[in-house]
$ cat coords-v3.csv   # CSV, C-alpha atoms and all ligand atoms
chain,number,residue,atom,x,y,z
A,1,MET,CA,0.0,0.0,0.0
A,2,LYS,CA,1.3,3.4,-0.9
A,3,ASP,CA,2.1,5.3,2.2
A,4,THR,CA,3.5,8.8,2.1
A,5,ILE,CA,5.2,10.3,5.1
A,6,SER,CA,2.2,12.6,5.9
A,7,ASP,CA,-0.3,9.7,5.6
A,8,SER,CA,1.9,7.6,7.9
A,9,ARG,CA,2.2,10.5,10.4
A,10,GLU,CA,-1.6,10.8,10.4
A,11,ASN,CA,-1.9,7.0,11.0
A,12,TYR,CA,0.4,7.2,14.0
A,13,LEU,CA,-1.4,10.0,15.6
A,14,LYS,CA,-4.8,8.4,15.1
A,15,ALA,CA,-3.5,5.1,16.5
A,16,ILE,CA,-2.2,6.8,19.6
A,17,LEU,CA,-5.5,8.6,20.1
A,18,GLU,CA,-7.4,5.3,19.7
A,19,ALA,CA,-5.1,3.5,22.1
A,20,GLU,CA,-5.5,6.2,24.7
A,21,ALA,CA,-9.3,6.0,24.4
A,22,GLU,CA,-9.1,2.2,24.9
A,23,GLY,CA,-7.3,3.0,28.2
A,24,ARG,CA,-4.0,1.5,27.0
A,25,GLN,CA,-0.5,2.7,27.7
A,26,VAL,CA,1.0,3.6,24.3
A,27,ILE,CA,4.4,2.0,24.0
A,28,PRO,CA,6.3,1.6,20.7
A,29,ALA,CA,5.7,-2.2,20.6
A,30,LEU,CA,1.9,-1.5,20.6
A,31,LEU,CA,2.2,0.9,17.7
A,32,ALA,CA,4.4,-1.6,15.8
A,33,ASN,CA,1.7,-4.3,16.3
A,34,TRP,CA,-1.3,-2.1,15.4
A,35,LEU,CA,0.3,-0.4,12.4
A,36,GLU,CA,2.0,-3.6,11.2
A,37,VAL,CA,5.4,-2.1,10.9
A,38,SER,CA,8.9,-3.0,12.3
A,39,ALA,CA,10.2,-1.7,15.6
A,40,PRO,CA,13.0,0.3,13.9
A,41,ALA,CA,10.3,1.9,11.7
A,42,VAL,CA,8.3,2.9,14.8
A,43,SER,CA,11.3,4.5,16.5
A,44,MET,CA,12.2,6.5,13.3
A,45,ALA,CA,8.6,7.7,13.0
A,46,LEU,CA,8.5,8.6,16.7
A,47,LYS,CA,11.7,10.6,16.3
A,48,ARG,CA,10.1,12.6,13.5
A,49,LEU,CA,6.9,13.1,15.4
A,50,ARG,CA,8.8,14.3,18.5
A,51,ARG,CA,10.9,16.6,16.4
A,52,ASP,CA,7.8,18.2,14.9
A,53,GLY,CA,6.3,18.6,18.4
A,54,LEU,CA,3.4,16.2,17.8
A,55,VAL,CA,4.2,13.6,20.5
A,56,GLU,CA,6.1,13.4,23.7
A,57,VAL,CA,7.8,10.3,25.0
A,58,GLY,CA,8.0,10.1,28.8
A,59,LYS,CA,10.8,8.7,30.9
A,60,ASP,CA,8.6,5.7,31.4
A,61,GLY,CA,8.7,5.1,27.6
A,62,ILE,CA,5.0,6.0,27.2
A,63,VAL,CA,4.1,7.9,24.1
A,64,ARG,CA,1.6,10.8,24.5
A,65,LEU,CA,0.1,13.3,22.1
A,66,SER,CA,1.1,16.9,22.4
A,67,ALA,CA,-1.7,19.5,22.1
A,68,SER,CA,-0.9,20.0,18.4
A,69,GLY,CA,-0.6,16.3,17.9
A,70,ARG,CA,-4.0,15.8,19.4
A,71,GLU,CA,-5.5,18.4,17.2
A,72,LYS,CA,-4.1,16.7,14.1
A,73,ALA,CA,-5.3,13.3,15.4
A,74,TYR,CA,-8.8,14.7,15.9
A,75,SER,CA,-9.0,16.1,12.4
A,76,THR,CA,-7.9,12.7,10.9
A,77,ALA,CA,-10.5,11.0,13.1
A,78,LEU,CA,-13.2,13.4,11.8
A,79,ARG,CA,-12.3,12.7,8.2
A,80,HIS,CA,-12.3,9.0,8.8
A,81,HIS,CA,-15.8,9.3,10.3
A,82,LEU,CA,-17.1,11.3,7.4
A,83,VAL,CA,-15.7,9.0,4.8
A,84,GLU,CA,-17.2,5.9,6.5
A,85,ARG,CA,-20.5,7.6,6.6
A,86,MET,CA,-20.3,8.6,3.0
A,87,LEU,CA,-19.4,5.1,1.9
A,88,LYS,CA,-22.4,3.6,3.9
A,89,GLU,CA,-25.0,6.3,3.6
A,90,ILE,CA,-24.4,7.5,0.1
A,91,PHE,CA,-22.9,4.5,-1.6
A,92,GLY,CA,-24.6,1.7,0.4
A,93,MET,CA,-21.4,-0.1,1.3
A,94,GLU,CA,-21.6,-2.5,4.2
A,95,TRP,CA,-20.1,-1.7,7.7
A,96,HIS,CA,-17.7,-4.6,7.6
A,97,GLN,CA,-16.4,-3.8,4.1
A,98,ILE,CA,-15.5,-0.1,4.4
A,99,HIS,CA,-12.5,-0.1,6.6
A,100,GLU,CA,-9.7,-0.3,4.0
A,101,GLU,CA,-11.4,2.2,1.7
A,102,ALA,CA,-11.8,4.7,4.6
A,103,GLU,CA,-8.2,4.3,5.7
A,104,ARG,CA,-7.1,5.3,2.2
A,105,LEU,CA,-9.6,8.1,1.5
A,106,GLU,CA,-9.3,9.8,4.9
A,107,HIS,CA,-5.9,11.2,3.8
A,108,ALA,CA,-7.2,12.5,0.5
A,109,ILE,CA,-10.1,14.7,1.7
A,110,SER,CA,-9.6,18.4,1.1
A,111,PRO,CA,-11.1,21.0,3.6
A,112,ALA,CA,-13.7,22.0,1.0
A,113,PHE,CA,-14.8,18.4,0.4
A,114,GLU,CA,-14.8,17.8,4.2
A,115,ALA,CA,-17.2,20.8,4.6
A,116,LYS,CA,-19.5,19.4,1.8
A,117,LEU,CA,-19.6,16.0,3.6
A,118,LYS,CA,-20.4,17.6,6.9
A,119,GLU,CA,-23.2,19.5,5.3
A,120,LYS,CA,-24.6,16.5,3.5
A,121,LEU,CA,-24.3,14.0,6.3
A,122,GLY,CA,-25.2,16.1,9.3
A,123,GLU,CA,-24.9,14.5,12.8
A,124,GLY,CA,-24.8,10.8,13.3
A,125,ALA,CA,-22.8,7.7,14.3
A,126,CYS,CA,-20.5,5.9,11.9
A,127,PRO,CA,-21.6,2.6,10.5
A,128,HIS,CA,-19.9,0.8,13.4
A,129,GLY,CA,-22.0,2.8,15.9
A,130,ASN,CA,-19.1,5.1,16.9
A,131,ALA,CA,-19.0,8.8,17.4
A,132,ILE,CA,-16.3,11.0,15.8
A,133,LEU,CA,-13.9,10.8,18.6
A,134,PRO,CA,-13.0,7.5,20.4
A,135,VAL,CA,-14.9,7.1,23.7
A,136,SER,CA,-13.2,5.5,26.7
A,137,PRO,CA,-14.5,2.3,28.4
A,138,GLU,CA,-15.2,4.3,31.5
A,139,GLU,CA,-17.3,6.8,29.6
A,140,ARG,CA,-19.2,4.0,27.9
A,141,ARG,CA,-19.9,2.2,31.2
A,142,SER,CA,-21.2,5.5,32.7
A,143,ARG,CA,-23.8,5.5,29.9
A,144,GLY,CA,-24.9,2.0,31.0
A,145,GLU,CA,-23.1,0.2,28.2
A,146,THR,CA,-21.3,-3.1,28.7
A,147,ARG,CA,-18.9,-5.3,26.7
A,148,LEU,CA,-20.3,-8.6,25.5
A,149,SER,CA,-17.5,-10.2,27.4
A,150,GLU,CA,-18.8,-8.8,30.7
A,151,ALA,CA,-22.6,-8.9,30.1
A,152,ALA,CA,-24.8,-10.9,32.4
A,153,GLY,CA,-26.3,-14.1,31.1
A,154,GLY,CA,-30.1,-14.5,30.7
A,155,HIS,CA,-30.6,-10.9,29.4
A,156,GLU,CA,-31.3,-9.3,26.1
A,157,TYR,CA,-29.1,-6.5,24.7
A,158,LYS,CA,-28.9,-4.2,21.8
A,159,VAL,CA,-25.5,-3.8,20.1
A,160,VAL,CA,-24.5,-0.2,20.3
A,161,SER,CA,-21.1,-0.2,18.7
A,162,LEU,CA,-18.1,-2.2,17.7
A,163,GLU,CA,-14.5,-1.4,18.3
A,164,GLU,CA,-13.4,-1.0,14.7
A,165,ARG,CA,-9.7,-0.9,14.6
A,166,ASP,CA,-9.2,-4.4,13.2
A,167,PRO,CA,-10.9,-5.2,9.9
A,168,ASP,CA,-10.5,-8.9,10.3
A,169,LEU,CA,-12.3,-8.8,13.6
A,170,LEU,CA,-15.2,-6.8,12.0
A,171,GLU,CA,-15.4,-9.4,9.3
A,172,PHE,CA,-15.5,-12.1,12.0
A,173,LEU,CA,-18.2,-10.4,13.9
A,174,HIS,CA,-20.2,-10.0,10.7
A,175,GLN,CA,-19.8,-13.8,10.0
A,176,ALA,CA,-20.9,-14.5,13.6
A,177,GLY,CA,-24.2,-12.5,12.9
A,178,ILE,CA,-23.3,-9.5,15.1
A,179,GLU,CA,-24.0,-6.0,13.8
A,180,PRO,CA,-24.5,-2.5,15.2
A,181,GLY,CA,-28.1,-2.0,16.1
A,182,GLY,CA,-28.7,-5.7,16.2
A,183,LYS,CA,-30.2,-7.6,19.2
A,184,LEU,CA,-28.9,-10.6,21.0
A,185,ARG,CA,-29.5,-12.6,24.1
A,186,VAL,CA,-26.5,-13.6,26.3
A,187,SER,CA,-27.0,-17.2,27.3
A,188,THR,CA,-24.0,-17.8,29.5
A,189,GLN,CA,-20.5,-16.5,30.3
A,190,ASN,CA,-18.5,-19.7,30.2
A,191,TYR,CA,-15.6,-21.0,32.3
A,192,ASP,CA,-13.2,-21.0,29.3
A,193,GLN,CA,-13.7,-17.2,28.8
A,194,THR,CA,-16.1,-17.6,25.9
A,195,VAL,CA,-19.6,-16.3,25.8
A,196,SER,CA,-22.6,-18.1,24.4
A,197,ILE,CA,-25.2,-16.0,22.7
A,198,GLN,CA,-28.6,-16.4,21.0
A,199,LEU,CA,-29.2,-14.4,17.8
A,200,ASP,CA,-32.4,-14.2,15.8
A,201,LYS,CA,-31.9,-17.4,14.0
A,202,GLN,CA,-28.7,-18.9,15.3
A,203,ALA,CA,-26.8,-19.7,18.5
A,204,SER,CA,-23.2,-18.8,18.6
A,205,THR,CA,-20.2,-18.8,20.9
A,206,LEU,CA,-17.5,-16.1,20.8
A,207,GLY,CA,-14.0,-16.0,22.3
A,208,ARG,CA,-13.0,-13.2,24.6
A,209,MET,CA,-11.1,-11.1,22.1
A,210,ALA,CA,-14.1,-10.8,19.8
A,211,ALA,CA,-16.6,-10.3,22.7
A,212,GLU,CA,-14.5,-7.5,24.2
A,213,ALA,CA,-15.0,-5.5,21.0
A,214,VAL,CA,-18.8,-5.5,21.2
A,215,TRP,CA,-20.5,-2.7,23.3
A,216,MET,CA,-24.1,-3.2,24.1
A,217,GLU,CA,-26.9,-1.8,26.2
A,218,PRO,CA,-29.5,-3.9,28.0
A,219,ILE,CA,-33.0,-4.0,26.6
A,220,GLY,CA,-36.1,-3.6,28.9
A,221,VAL,CA,-34.5,-2.4,32.1
A,301,ZN,ZN,-16.6,3.4,12.1
$ encode --input "coords-v3.csv" --output "structure tokens" --more "lines below"
Ligand SMILES: [Zn+2]
Amino acid sequence: MKDTISDSRENYLKAILEAEAEGRQVIPALLANWLEVSAPAVSMALKRLRRDGLVEVGKDGIVRLSASGREKAYSTALRHHLVERMLKEIFGMEWHQIHEEAERLEHAISPAFEAKLKEKLGEGACPHGNAILPVSPEERRSRGETRLSEAAGGHEYKVVSLEERDPDLLEFLHQAGIEPGGKLRVSTQNYDQTVSIQLDKQASTLGRMAAEAVWMEPIGV
């Protein structure tokens, strides 16, 4: 995939923003893993980002966004959000198919086109149920949301949103019959850290990694 320096810079800043929102400590190894690049590539990129005043690396080795880095990350996140909504709402693409396209296009949106998209799309969640900026687990819990991996058995839930960073995981959830806005019943949380659920027409069992990415709210309480 073609990746210019400025695209790659935007990808780093967005990844740091997402990791912070997930409550993770951002260390270079995590970035290497998420962005699928080598450790030396990450340290070179971090050097550039520090030089440009976009990130700070603490004595503890933890990477944090500076104020201007955060501003840049926000604007990439906004463009990503608008592109996803355009692909779904205007072109009818499915939520589990738009990730790659959005990752490419978010770097190519001009300010004028961005304004047009905002005007056309108005307010709303992305096709994965997410707001423009990543929301922390604490914030989600304070709204009464719960992860599928932690939801009580014997209750019905509506899927609010999916953590959308990993396109393979989104495809997996799609195959398992889970989608934003969909309903499911949690049957049991199992000893082996899987969770058994009942969907409209099928029963299914999900592993912990997949279940952690699904945020839901209880129905009828
Ligand atoms: Zn999304």
$ closest_residue --input "coords-v3.csv" --among "A:Ser66, A:Asn190, A:Asn130, A:Gln97" --to "ligand ZN 301 (chain A)" --atoms "only C-alpha atoms and all ligand atoms"
A:Asn130
$ residues_near_ligand --input "coords-v3.csv" --ligand "ligand ZN 301 (chain A)" --cutoff "8 Å" --atoms "all atoms listed in the file" --output "PDB file with C-alpha atoms, in the frame of the given file"
ATOM      1  CA  HIS A  80     -12.300   9.000   8.800  1.00  0.00           C
ATOM      2  CA  HIS A  81     -15.800   9.300  10.300  1.00  0.00           C
ATOM      3  CA  GLU A  84     -17.200   5.900   6.500  1.00  0.00           C
ATOM      4  CA  ARG A  85     -20.500   7.600   6.600  1.00  0.00           C
ATOM      5  CA  TRP A  95     -20.100  -1.700   7.700  1.00  0.00           C
ATOM      6  CA  HIS A  99     -12.500  -0.100   6.600  1.00  0.00           C
ATOM      7  CA  ALA A 125     -22.800   7.700  14.300  1.00  0.00           C
ATOM      8  CA  CYS A 126     -20.500   5.900  11.900  1.00  0.00           C
ATOM      9  CA  PRO A 127     -21.600   2.600  10.500  1.00  0.00           C
ATOM     10  CA  HIS A 128     -19.900   0.800  13.400  1.00  0.00           C
ATOM     11  CA  GLY A 129     -22.000   2.800  15.900  1.00  0.00           C
ATOM     12  CA  ASN A 130     -19.100   5.100  16.900  1.00  0.00           C
ATOM     13  CA  ALA A 131     -19.000   8.800  17.400  1.00  0.00           C
ATOM     14  CA  GLU A 164     -13.400  -1.000  14.700  1.00  0.00           C
TER      15      GLU A 164
END
$ closest_atom_pairs --input "coords-v3.csv" --of "segment 117-147 of chain A" --to "segment 194-212 of chain A" --cutoff "12 Å" --atoms "all atoms listed in the file" --output "JSON lines"
{"residue": "A:Pro137", "atom": "CA", "partner": "A:Glu212", "partner_atom": "CA", "distance": 10.7}
{"residue": "A:Thr146", "atom": "CA", "partner": "A:Glu212", "partner_atom": "CA", "distance": 9.3}
{"residue": "A:Arg147", "atom": "CA", "partner": "A:Glu212", "partner_atom": "CA", "distance": 5.5}
$ atom_distance --input "coords-v3.csv" --atom1 "atom CA of Gly124 of chain A" --atom2 "atom CA of Leu87 of chain A"
13.8 Å
$ atom_distance --input "coords-v3.csv" --atom1 "atom CA of Glu114 of chain A" --atom2 "atom CA of Arg79 of chain A"
6.9 Å
$ closest_residue --input "coords-v3.csv" --among "A:Ala151, A:Leu133, A:Ala39, A:Met86" --to "Glu22 of chain A" --atoms "only C-alpha atoms"
A:Leu133
$ residues_around --input "coords-v3.csv" --residues "Lys158 of chain A" --least-positions-apart "5" --cutoff "6 Å" --atoms "all atoms listed in the file" --output "JSON, numbers by chain"
{"A": [182, 183, 216, 217]}
$ residues_near_point --input "coords-v3.csv" --point "(-6.0, 15.5, 16.1)" --cutoff "12 Å" --atoms "only C-alpha atoms" --output "count of residues only"
31
$ atom_distance --input "coords-v3.csv" --atom1 "atom CA of Gln189 of chain A" --atom2 "atom CA of Ala152 of chain A"
7.4 Å
$ closest_residue --input "coords-v3.csv" --among "A:Gly154, A:Gly53, A:Pro167, A:Pro40" --to "Ala102 of chain A" --atoms "only C-alpha atoms"
A:Pro167
$ closest_residue --input "coords-v3.csv" --among "A:Leu148, A:Val159, A:Val63, A:Ile219" --to "Ala19 of chain A" --atoms "only C-alpha atoms"
A:Val63
$ decode --input "coords-v3.csv" --residues "segment 90-101 of chain A" --atoms "all heavy atoms" --output "short mmCIF file (atom, residue, chain, number, x, y, z; two decimals), in the first residue's frame"
data_model
loop_
_atom_site.label_atom_id
_atom_site.label_comp_id
_atom_site.auth_asym_id
_atom_site.auth_seq_id
_atom_site.Cartn_x
_atom_site.Cartn_y
_atom_site.Cartn_z
N ILE A 90 -24.21 7.08 1.47
CA ILE A 90 -24.40 7.55 0.10
C ILE A 90 -24.19 6.40 -0.89
O ILE A 90 -24.93 6.26 -1.86
CB ILE A 90 -23.46 8.73 -0.22
CG1 ILE A 90 -23.76 9.88 0.74
CG2 ILE A 90 -23.64 9.19 -1.68
CD1 ILE A 90 -22.89 11.10 0.59
N PHE A 91 -23.20 5.55 -0.62
CA PHE A 91 -22.90 4.49 -1.60
C PHE A 91 -23.38 3.11 -1.18
O PHE A 91 -23.20 2.13 -1.91
CB PHE A 91 -21.40 4.48 -1.90
CG PHE A 91 -20.93 5.75 -2.54
CD1 PHE A 91 -20.22 6.70 -1.83
CD2 PHE A 91 -21.26 6.02 -3.87
CE1 PHE A 91 -19.82 7.88 -2.42
CE2 PHE A 91 -20.86 7.20 -4.47
CZ PHE A 91 -20.14 8.14 -3.74
N GLY A 92 -23.97 3.01 0.00
CA GLY A 92 -24.58 1.74 0.39
C GLY A 92 -23.60 0.61 0.67
O GLY A 92 -23.98 -0.56 0.65
N MET A 93 -22.34 0.94 0.94
CA MET A 93 -21.40 -0.14 1.29
C MET A 93 -21.68 -0.64 2.71
O MET A 93 -22.16 0.09 3.55
CB MET A 93 -19.95 0.37 1.16
CG MET A 93 -19.53 0.55 -0.29
SD MET A 93 -17.85 1.22 -0.43
CE MET A 93 -16.86 -0.19 0.03
N GLU A 94 -21.34 -1.89 2.96
CA GLU A 94 -21.63 -2.50 4.25
C GLU A 94 -20.58 -2.14 5.30
O GLU A 94 -19.42 -1.94 4.97
CB GLU A 94 -21.69 -4.02 4.11
CG GLU A 94 -22.84 -4.51 3.24
CD GLU A 94 -24.20 -4.18 3.84
OE1 GLU A 94 -24.30 -4.12 5.08
OE2 GLU A 94 -25.15 -3.96 3.07
N TRP A 95 -21.00 -2.12 6.57
CA TRP A 95 -20.11 -1.68 7.65
C TRP A 95 -18.85 -2.52 7.77
O TRP A 95 -17.81 -2.05 8.21
CB TRP A 95 -20.85 -1.63 8.98
CG TRP A 95 -21.41 -2.96 9.43
CD1 TRP A 95 -22.67 -3.44 9.19
CD2 TRP A 95 -20.74 -3.97 10.19
NE1 TRP A 95 -22.81 -4.68 9.74
CE2 TRP A 95 -21.65 -5.03 10.37
CE3 TRP A 95 -19.46 -4.09 10.74
CZ2 TRP A 95 -21.32 -6.19 11.07
CZ3 TRP A 95 -19.13 -5.24 11.44
CH2 TRP A 95 -20.05 -6.28 11.59
N HIS A 96 -18.93 -3.77 7.39
CA HIS A 96 -17.75 -4.64 7.55
C HIS A 96 -16.84 -4.60 6.32
O HIS A 96 -15.84 -5.29 6.26
CB HIS A 96 -18.19 -6.08 7.86
CG HIS A 96 -19.14 -6.64 6.85
ND1 HIS A 96 -18.76 -7.46 5.84
CD2 HIS A 96 -20.47 -6.45 6.69
CE1 HIS A 96 -19.81 -7.77 5.11
NE2 HIS A 96 -20.86 -7.17 5.59
N GLN A 97 -17.20 -3.78 5.33
CA GLN A 97 -16.40 -3.75 4.10
C GLN A 97 -15.71 -2.41 3.85
O GLN A 97 -14.98 -2.27 2.88
CB GLN A 97 -17.30 -4.04 2.89
CG GLN A 97 -17.91 -5.41 2.93
CD GLN A 97 -18.98 -5.59 1.88
OE1 GLN A 97 -19.66 -4.63 1.52
NE2 GLN A 97 -19.13 -6.80 1.40
N ILE A 98 -15.93 -1.43 4.72
CA ILE A 98 -15.50 -0.08 4.37
C ILE A 98 -14.17 0.34 4.97
O ILE A 98 -13.64 1.37 4.63
CB ILE A 98 -16.56 0.96 4.79
CG1 ILE A 98 -16.79 0.89 6.30
CG2 ILE A 98 -17.85 0.76 4.04
CD1 ILE A 98 -17.80 1.91 6.79
N HIS A 99 -13.63 -0.50 5.86
CA HIS A 99 -12.46 -0.06 6.61
C HIS A 99 -11.28 0.37 5.73
O HIS A 99 -10.78 1.48 5.83
CB HIS A 99 -12.03 -1.15 7.59
CG HIS A 99 -10.87 -0.75 8.43
ND1 HIS A 99 -11.03 -0.06 9.62
CD2 HIS A 99 -9.54 -0.87 8.24
CE1 HIS A 99 -9.84 0.19 10.12
NE2 HIS A 99 -8.93 -0.29 9.32
N GLU A 100 -10.86 -0.53 4.83
CA GLU A 100 -9.68 -0.26 4.00
C GLU A 100 -9.87 1.00 3.16
O GLU A 100 -8.98 1.83 3.04
CB GLU A 100 -9.42 -1.43 3.06
CG GLU A 100 -9.20 -2.73 3.77
CD GLU A 100 -7.73 -3.08 3.86
OE1 GLU A 100 -7.07 -2.99 2.81
OE2 GLU A 100 -7.26 -3.39 4.96
N GLU A 101 -11.06 1.09 2.58
CA GLU A 101 -11.39 2.23 1.74
C GLU A 101 -11.29 3.52 2.56
O GLU A 101 -10.69 4.51 2.11
CB GLU A 101 -12.82 2.05 1.22
CG GLU A 101 -13.10 2.66 -0.11
CD GLU A 101 -12.42 1.93 -1.25
OE1 GLU A 101 -12.67 0.73 -1.42
OE2 GLU A 101 -11.62 2.59 -1.94
#
